[in-house]
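Enquirer: You'll find data-v8.json just under this line, and it carries JSON, C-alpha atoms.
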[["chain", "number", "residue", "atom", "x", "y", "z"],
["A", 1, "GLY", "CA", 0.00, 0.00, 0.00],
["A", 2, "LYS", "CA", 2.87, 2.40, 0.66],
["A", 3, "THR", "CA", 4.02, 2.39, -2.97],
["A", 4, "LEU", "CA", 0.91, 1.43, -4.96],
["A", 5, "GLU", "CA", 0.02, 4.92, -6.18],
["A", 6, "LYS", "CA", 3.60, 5.61, -7.29],
["A", 7, "GLU", "CA", 3.96, 2.34, -9.17],
["A", 8, "ASN", "CA", 3.46, 3.18, -12.82],
["A", 9, "LEU", "CA", 2.23, -0.25, -13.94],
["A", 10, "TYR", "CA", 0.10, 1.16, -16.75],
["A", 11, "ASP", "CA", 0.25, 4.46, -18.53],
["A", 12, "GLY", "CA", -2.53, 6.94, -17.85],
["A", 13, "SER", "CA", -4.28, 6.19, -21.13],
["A", 14, "GLN", "CA", -4.89, 2.59, -20.02],
["A", 15, "PHE", "CA", -6.57, 3.86, -16.86],
["A", 16, "ARG", "CA", -8.67, 6.33, -18.86],
["A", 17, "ILE", "CA", -9.87, 3.54, -21.20],
["A", 18, "GLN", "CA", -10.82, 1.42, -18.19],
["A", 19, "GLU", "CA", -12.51, 4.31, -16.35],
["A", 20, "LYS", "CA", -14.52, 5.41, -19.39],
["A", 21, "ALA", "CA", -15.75, 1.86, -20.01],
["A", 22, "LEU", "CA", -16.66, 1.41, -16.35],
["A", 23, "VAL", "CA", -18.63, 4.68, -16.10],
["A", 24, "GLU", "CA", -20.45, 3.97, -19.38],
["A", 25, "TYR", "CA", -21.40, 0.49, -18.23],
["A", 26, "LEU", "CA", -22.44, 1.46, -14.69],
["A", 27, "SER", "CA", -24.54, 4.39, -15.95],
["A", 28, "LYS", "CA", -27.00, 1.80, -17.31],
["A", 29, "LEU", "CA", -27.49, 0.20, -13.86],
["A", 30, "GLU", "CA", -29.64, 1.29, -10.94],
["A", 31, "PHE", "CA", -27.87, 1.53, -7.59],
["A", 32, "SER", "CA", -27.72, 3.86, -4.62],
["A", 33, "SER", "CA", -25.40, 1.95, -2.28],
["A", 34, "VAL", "CA", -21.91, 0.73, -3.16],
["A", 35, "LEU", "CA", -19.29, -1.51, -1.61],
["A", 36, "GLU", "CA", -15.91, -1.04, -3.27],
["A", 37, "ILE", "CA", -13.58, -3.92, -2.52],
["A", 38, "GLY", "CA", -9.91, -2.95, -2.69],
["A", 39, "CYS", "CA", -10.17, 0.83, -2.95],
["A", 40, "GLY", "CA", -6.39, 1.23, -3.10],
["A", 41, "PHE", "CA", -5.43, 4.89, -3.41],
["A", 42, "GLY", "CA", -8.98, 6.02, -4.27],
["A", 43, "ARG", "CA", -8.88, 6.15, -8.07],
["A", 44, "ILE", "CA", -12.18, 4.28, -8.52],
["A", 45, "THR", "CA", -13.72, 5.81, -5.38],
["A", 46, "LYS", "CA", -13.17, 9.28, -6.85],
["A", 47, "LEU", "CA", -14.50, 8.16, -10.23],
["A", 48, "MET", "CA", -17.67, 6.81, -8.62],
["A", 49, "ILE", "CA", -18.33, 9.82, -6.39],
["A", 50, "ASN", "CA", -17.72, 12.27, -9.27],
["A", 51, "ASN", "CA", -19.89, 10.42, -11.80],
["A", 52, "PHE", "CA", -22.76, 9.05, -9.74],
["A", 53, "PRO", "CA", -24.23, 11.81, -7.54],
["A", 54, "ASN", "CA", -27.24, 9.65, -6.61],
["A", 55, "ILE", "CA", -25.13, 7.34, -4.46],
["A", 56, "LYS", "CA", -26.55, 7.52, -0.94],
["A", 57, "SER", "CA", -24.01, 5.31, 0.82],
["A", 58, "TYR", "CA", -20.54, 4.23, -0.14],
["A", 59, "SER", "CA", -18.30, 1.80, 1.72],
["A", 60, "ALA", "CA", -14.72, 1.20, 0.64],
["A", 61, "ILE", "CA", -12.46, -1.48, 2.04],
["A", 62, "ASP", "CA", -8.80, -2.24, 1.48],
["A", 63, "ILE", "CA", -6.33, -4.62, 3.05],
["A", 64, "SER", "CA", -3.74, -1.83, 3.44],
["A", 65, "PRO", "CA", -4.01, 0.61, 6.37],
["A", 66, "ASP", "CA", -1.74, 2.99, 4.39],
["A", 67, "ASN", "CA", -4.15, 3.01, 1.44],
["A", 68, "ILE", "CA", -7.16, 3.63, 3.68],
["A", 69, "SER", "CA", -5.38, 6.45, 5.53],
["A", 70, "LYS", "CA", -4.31, 8.19, 2.30],
["A", 71, "THR", "CA", -7.66, 7.70, 0.59],
["A", 72, "LYS", "CA", -9.68, 9.02, 3.55],
["A", 73, "LYS", "CA", -7.76, 12.31, 3.29],
["A", 74, "LEU", "CA", -8.94, 12.77, -0.30],
["A", 75, "PHE", "CA", -12.62, 12.83, 0.63],
["A", 76, "ASP", "CA", -14.50, 15.09, 2.99],
["A", 77, "SER", "CA", -17.79, 13.38, 2.29],
["A", 78, "GLN", "CA", -19.63, 11.79, 5.19],
["A", 79, "LYS", "CA", -21.25, 9.32, 2.84],
["A", 80, "ILE", "CA", -18.03, 7.29, 2.43],
["A", 81, "ASN", "CA", -17.25, 4.67, 5.05],
["A", 82, "PHE", "CA", -13.61, 3.50, 4.81],
["A", 83, "GLN", "CA", -12.46, 0.36, 6.57],
["A", 84, "VAL", "CA", -9.28, -1.71, 6.68],
["A", 85, "SER", "CA", -10.42, -5.24, 5.84],
["A", 86, "THR", "CA", -10.23, -8.10, 3.43],
["A", 87, "ILE", "CA", -13.45, -9.20, 1.78],
["A", 88, "GLN", "CA", -13.13, -12.48, 3.66],
["A", 89, "ASN", "CA", -13.22, -10.67, 7.03],
["A", 90, "TYR", "CA", -15.71, -7.93, 6.12],
["A", 91, "ASN", "CA", -19.08, -8.45, 7.81],
["A", 92, "PRO", "CA", -21.38, -5.44, 7.40],
["A", 93, "SER", "CA", -24.92, -5.34, 8.73],
["A", 94, "GLU", "CA", -26.36, -4.28, 5.36],
["A", 95, "LYS", "CA", -26.27, -5.41, 1.74],
["A", 96, "TYR", "CA", -25.34, -3.15, -1.16],
["A", 97, "ASP", "CA", -26.95, -2.48, -4.53],
["A", 98, "LEU", "CA", -23.52, -2.68, -6.17],
["A", 99, "VAL", "CA", -20.42, -4.57, -5.09],
["A", 100, "LEU", "CA", -17.50, -3.29, -7.16],
["A", 101, "CYS", "CA", -13.97, -4.69, -7.56],
["A", 102, "VAL", "CA", -11.49, -3.17, -10.01],
["A", 103, "TYR", "CA", -8.18, -4.99, -10.49],
["A", 104, "VAL", "CA", -8.65, -6.75, -7.16],
["A", 105, "LEU", "CA", -9.85, -10.30, -7.78],
["A", 106, "MET", "CA", -6.78, -11.06, -9.89],
["A", 107, "HIS", "CA", -4.79, -10.87, -6.65],
["A", 108, "VAL", "CA", -6.91, -13.54, -4.93],
["A", 109, "PRO", "CA", -5.22, -16.97, -5.01],
["A", 110, "PRO", "CA", -7.09, -19.66, -6.98],
["A", 111, "LYS", "CA", -7.90, -21.65, -3.83],
["A", 112, "GLU", "CA", -9.77, -18.63, -2.37],
["A", 113, "ILE", "CA", -11.45, -17.07, -5.43],
["A", 114, "GLU", "CA", -14.71, -19.05, -5.27],
["A", 115, "GLN", "CA", -15.20, -18.08, -1.62],
["A", 116, "VAL", "CA", -14.45, -14.42, -2.37],
["A", 117, "ILE", "CA", -16.91, -14.27, -5.28],
["A", 118, "LYS", "CA", -19.56, -16.07, -3.25],
["A", 119, "LYS", "CA", -19.12, -13.52, -0.44],
["A", 120, "SER", "CA", -19.33, -10.64, -2.95],
["A", 121, "VAL", "CA", -22.58, -12.04, -4.35],
["A", 122, "ASN", "CA", -23.98, -12.50, -0.83],
["A", 123, "LEU", "CA", -23.19, -8.86, 0.02],
["A", 124, "SER", "CA", -25.10, -7.58, -3.01],
["A", 125, "GLN", "CA", -28.79, -6.95, -3.56],
["A", 126, "LYS", "CA", -28.51, -6.27, -7.30],
["A", 127, "HIS", "CA", -25.10, -6.22, -8.97],
["A", 128, "VAL", "CA", -21.54, -7.45, -8.63],
["A", 129, "VAL", "CA", -19.15, -5.87, -11.11],
["A", 130, "ASN", "CA", -15.49, -6.75, -11.36],
["A", 131, "VAL", "CA", -12.94, -5.48, -13.81],
["A", 132, "ASP", "CA", -9.88, -7.67, -14.09],
["A", 133, "TRP", "CA", -7.15, -9.09, -16.22],
["A", 134, "PHE", "CA", -8.69, -11.87, -18.28],
["A", 135, "GLU", "CA", -7.35, -14.03, -21.07],
["A", 136, "GLN", "CA", -8.99, -17.05, -22.65],
["A", 137, "GLN", "CA", -5.58, -18.64, -23.02],
["A", 138, "LYS", "CA", -3.60, -18.31, -19.82],
["A", 139, "SER", "CA", -0.42, -16.41, -20.47],
["A", 140, "ASN", "CA", 2.92, -17.52, -19.09],
["A", 141, "ILE", "CA", 3.79, -13.91, -18.34],
["A", 142, "HIS", "CA", 2.42, -12.65, -15.04],
["A", 143, "LEU", "CA", 3.66, -11.60, -11.64],
["A", 144, "GLY", "CA", 3.59, -14.11, -8.82],
["A", 145, "HIS", "CA", 0.76, -12.26, -7.07],
["A", 146, "ASN", "CA", -1.57, -12.07, -10.10],
["A", 147, "PHE", "CA", -3.85, -14.86, -11.21],
["A", 148, "ILE", "CA", -6.11, -15.35, -14.22],
["A", 149, "HIS", "CA", -9.49, -16.72, -13.11],
["A", 150, "ASN", "CA", -12.38, -18.01, -15.20],
["A", 151, "TYR", "CA", -14.96, -15.61, -13.76],
["A", 152, "ASP", "CA", -17.87, -16.89, -15.86],
["A", 153, "GLU", "CA", -17.35, -20.39, -14.55],
["A", 154, "ILE", "CA", -16.89, -19.25, -10.95],
["A", 155, "TYR", "CA", -20.01, -17.07, -10.97],
["A", 156, "GLU", "CA", -22.01, -19.95, -12.45],
["A", 157, "LYS", "CA", -21.08, -22.15, -9.45],
["A", 158, "ASN", "CA", -22.93, -19.72, -7.18],
["A", 159, "PRO", "CA", -26.25, -20.95, -5.81],
["A", 160, "SER", "CA", -27.89, -17.58, -6.45],
["A", 161, "ASN", "CA", -29.79, -16.89, -9.64],
["A", 162, "LEU", "CA", -27.19, -14.92, -11.56],
["A", 163, "LYS", "CA", -27.06, -13.55, -15.06],
["A", 164, "VAL", "CA", -23.39, -13.04, -15.91],
["A", 165, "LYS", "CA", -22.16, -10.82, -18.70],
["A", 166, "GLN", "CA", -18.57, -10.32, -19.86],
["A", 167, "VAL", "CA", -17.61, -7.09, -21.62],
["A", 168, "PRO", "CA", -14.06, -6.82, -22.98],
["A", 169, "ILE", "CA", -12.53, -3.42, -22.32],
["A", 170, "GLY", "CA", -10.31, -2.12, -25.10],
["A", 171, "MET", "CA", -7.10, -2.70, -23.19],
["A", 172, "ASP", "CA", -4.37, -4.97, -24.47],
["A", 173, "ASN", "CA", -1.85, -4.73, -21.70],
["A", 174, "PRO", "CA", -3.10, -6.47, -19.73],
["A", 175, "PRO", "CA", -6.18, -7.75, -21.57],
["A", 176, "THR", "CA", -9.06, -6.63, -19.40],
["A", 177, "SER", "CA", -12.75, -7.47, -19.12],
["A", 178, "LEU", "CA", -15.67, -6.22, -17.07],
["A", 179, "PHE", "CA", -17.79, -8.97, -15.54],
["A", 180, "HIS", "CA", -21.31, -8.17, -14.37],
["A", 181, "ALA", "CA", -23.27, -10.59, -12.24],
["A", 182, "GLN", "CA", -26.87, -9.45, -11.98],
["A", 183, "ILE", "CA", -28.53, -10.96, -8.95],
["A", 184, "ASP", "CA", -32.08, -12.25, -9.01],
["A", 185, "HIS", "CA", -33.25, -12.98, -5.46],
["A", 186, "ARG", "CA", -36.40, -14.84, -6.46]]
Represent the structure contained in this file as structure tokens.

Expert:
Amino acid sequence: GKTLEKENLYDGSQFRIQEKALVEYLSKLEFSSVLEIGCGFGRITKLMINNFPNIKSYSAIDISPDNISKTKKLFDSQKINFQVSTIQNYNPSEKYDLVLCVYVLMHVPPKEIEQVIKKSVNLSQKHVVNVDWFEQQKSNIHLGHNFIHNYDEIYEKNPSNLKVKQVPIGMDNPPTSLFHAQIDHR
């Protein structure tokens, strides 16, 4: 967390492509409460607050106390609840309309990913959206803390009634997709 913001893993244009695609996609959904998993240095938090003024409550969690401390300072809004936590240990009293993870699930080890997605689905009333590195053919080139998961397959294992949609985002390095699990609580 101490160096994340300074690490220049992608040039700014890659982030802008991702952010534009995310805002365009989310603008078609109805939500007023958000849980952001892995808020990092607040890039997506800021994007959400600036583009979706109808958000009534926003919770952001991150595993890094440094990230949470830095990100809290960027926002004076009382509607954002920041907390140091992993998704596995996060136990709120409410559910959210939207559970959002951007470049987070790719850091979850394969043995834990099904549990993490199941928890994300259980915390949502309407939508789970994750944006992550995704390749049909697993590449041999990746860092030891990044994993390529088959999100469609993992979401389908969930007992909830889910409609899952994959939307490739025009990024080549790394290849990125948005996954949207729409929850039907019938």

Enquirer: Quick check, in Å to one decimal: how far apart do atom CA of Glu36 of chain A and atom CA of Ser85 of chain A lie?

Expert: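 Between these atoms lies a distance of 11.4 Å.
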
Enquirer: Would you mind reading off the distance between atom CA of Asp132 of chain A and atom CA of Tyr155 of chain A, one decimal, in Å?

Expert: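 Atom-to-atom, atom CA of Asp132 of chain A and atom CA of Tyr155 of chain A are spaced 14.2 Å apart.
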
Enquirer: Using only C-alpha atoms, find the one residue out of A:Ile44, A:Leu29, A:Ile154, A:Ile68 that sits nearest to Lys111 of chain A.

Expert: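 Under the stated criterion, the closest residue is A:Ile154.
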
Enquirer: Would you mind telling me which residue in A:Arg16, A:His107, A:Lys118, A:Lys46 lies nearest to His145 of chain A when using all atoms listed in the file?

Expert: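 When distances to His145 of chain A are compared using all atoms listed in the file, the smallest one comes from A:His107.
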
Enquirer: Every residue with an atom at most 12 Å from (-31.7, -10.8, -11.8) (file coordinates; all atoms listed in the file) is what I'm after, so could you write them as a compact mmCIF listing (two decimals) with C-alpha atoms, in the coordinates of the input?

Expert:
# COMPACT_ATOMS: atom_id res chain seq x y z
CA LEU A 29 -27.49 0.20 -13.86
CA VAL A 121 -22.58 -12.04 -4.35
CA SER A 124 -25.10 -7.58 -3.01
CA GLN A 125 -28.79 -6.95 -3.56
CA LYS A 126 -28.51 -6.27 -7.30
CA HIS A 127 -25.10 -6.22 -8.97
CA VAL A 128 -21.54 -7.45 -8.63
CA SER A 160 -27.89 -17.58 -6.45
CA ASN A 161 -29.79 -16.89 -9.64
CA LEU A 162 -27.19 -14.92 -11.56
CA LYS A 163 -27.06 -13.55 -15.06
CA VAL A 164 -23.39 -13.04 -15.91
CA LYS A 165 -22.16 -10.82 -18.70
CA HIS A 180 -21.31 -8.17 -14.37
CA ALA A 181 -23.27 -10.59 -12.24
CA GLN A 182 -26.87 -9.45 -11.98
CA ILE A 183 -28.53 -10.96 -8.95
CA ASP A 184 -32.08 -12.25 -9.01
CA HIS A 185 -33.25 -12.98 -5.46
CA ARG A 186 -36.40 -14.84 -6.46
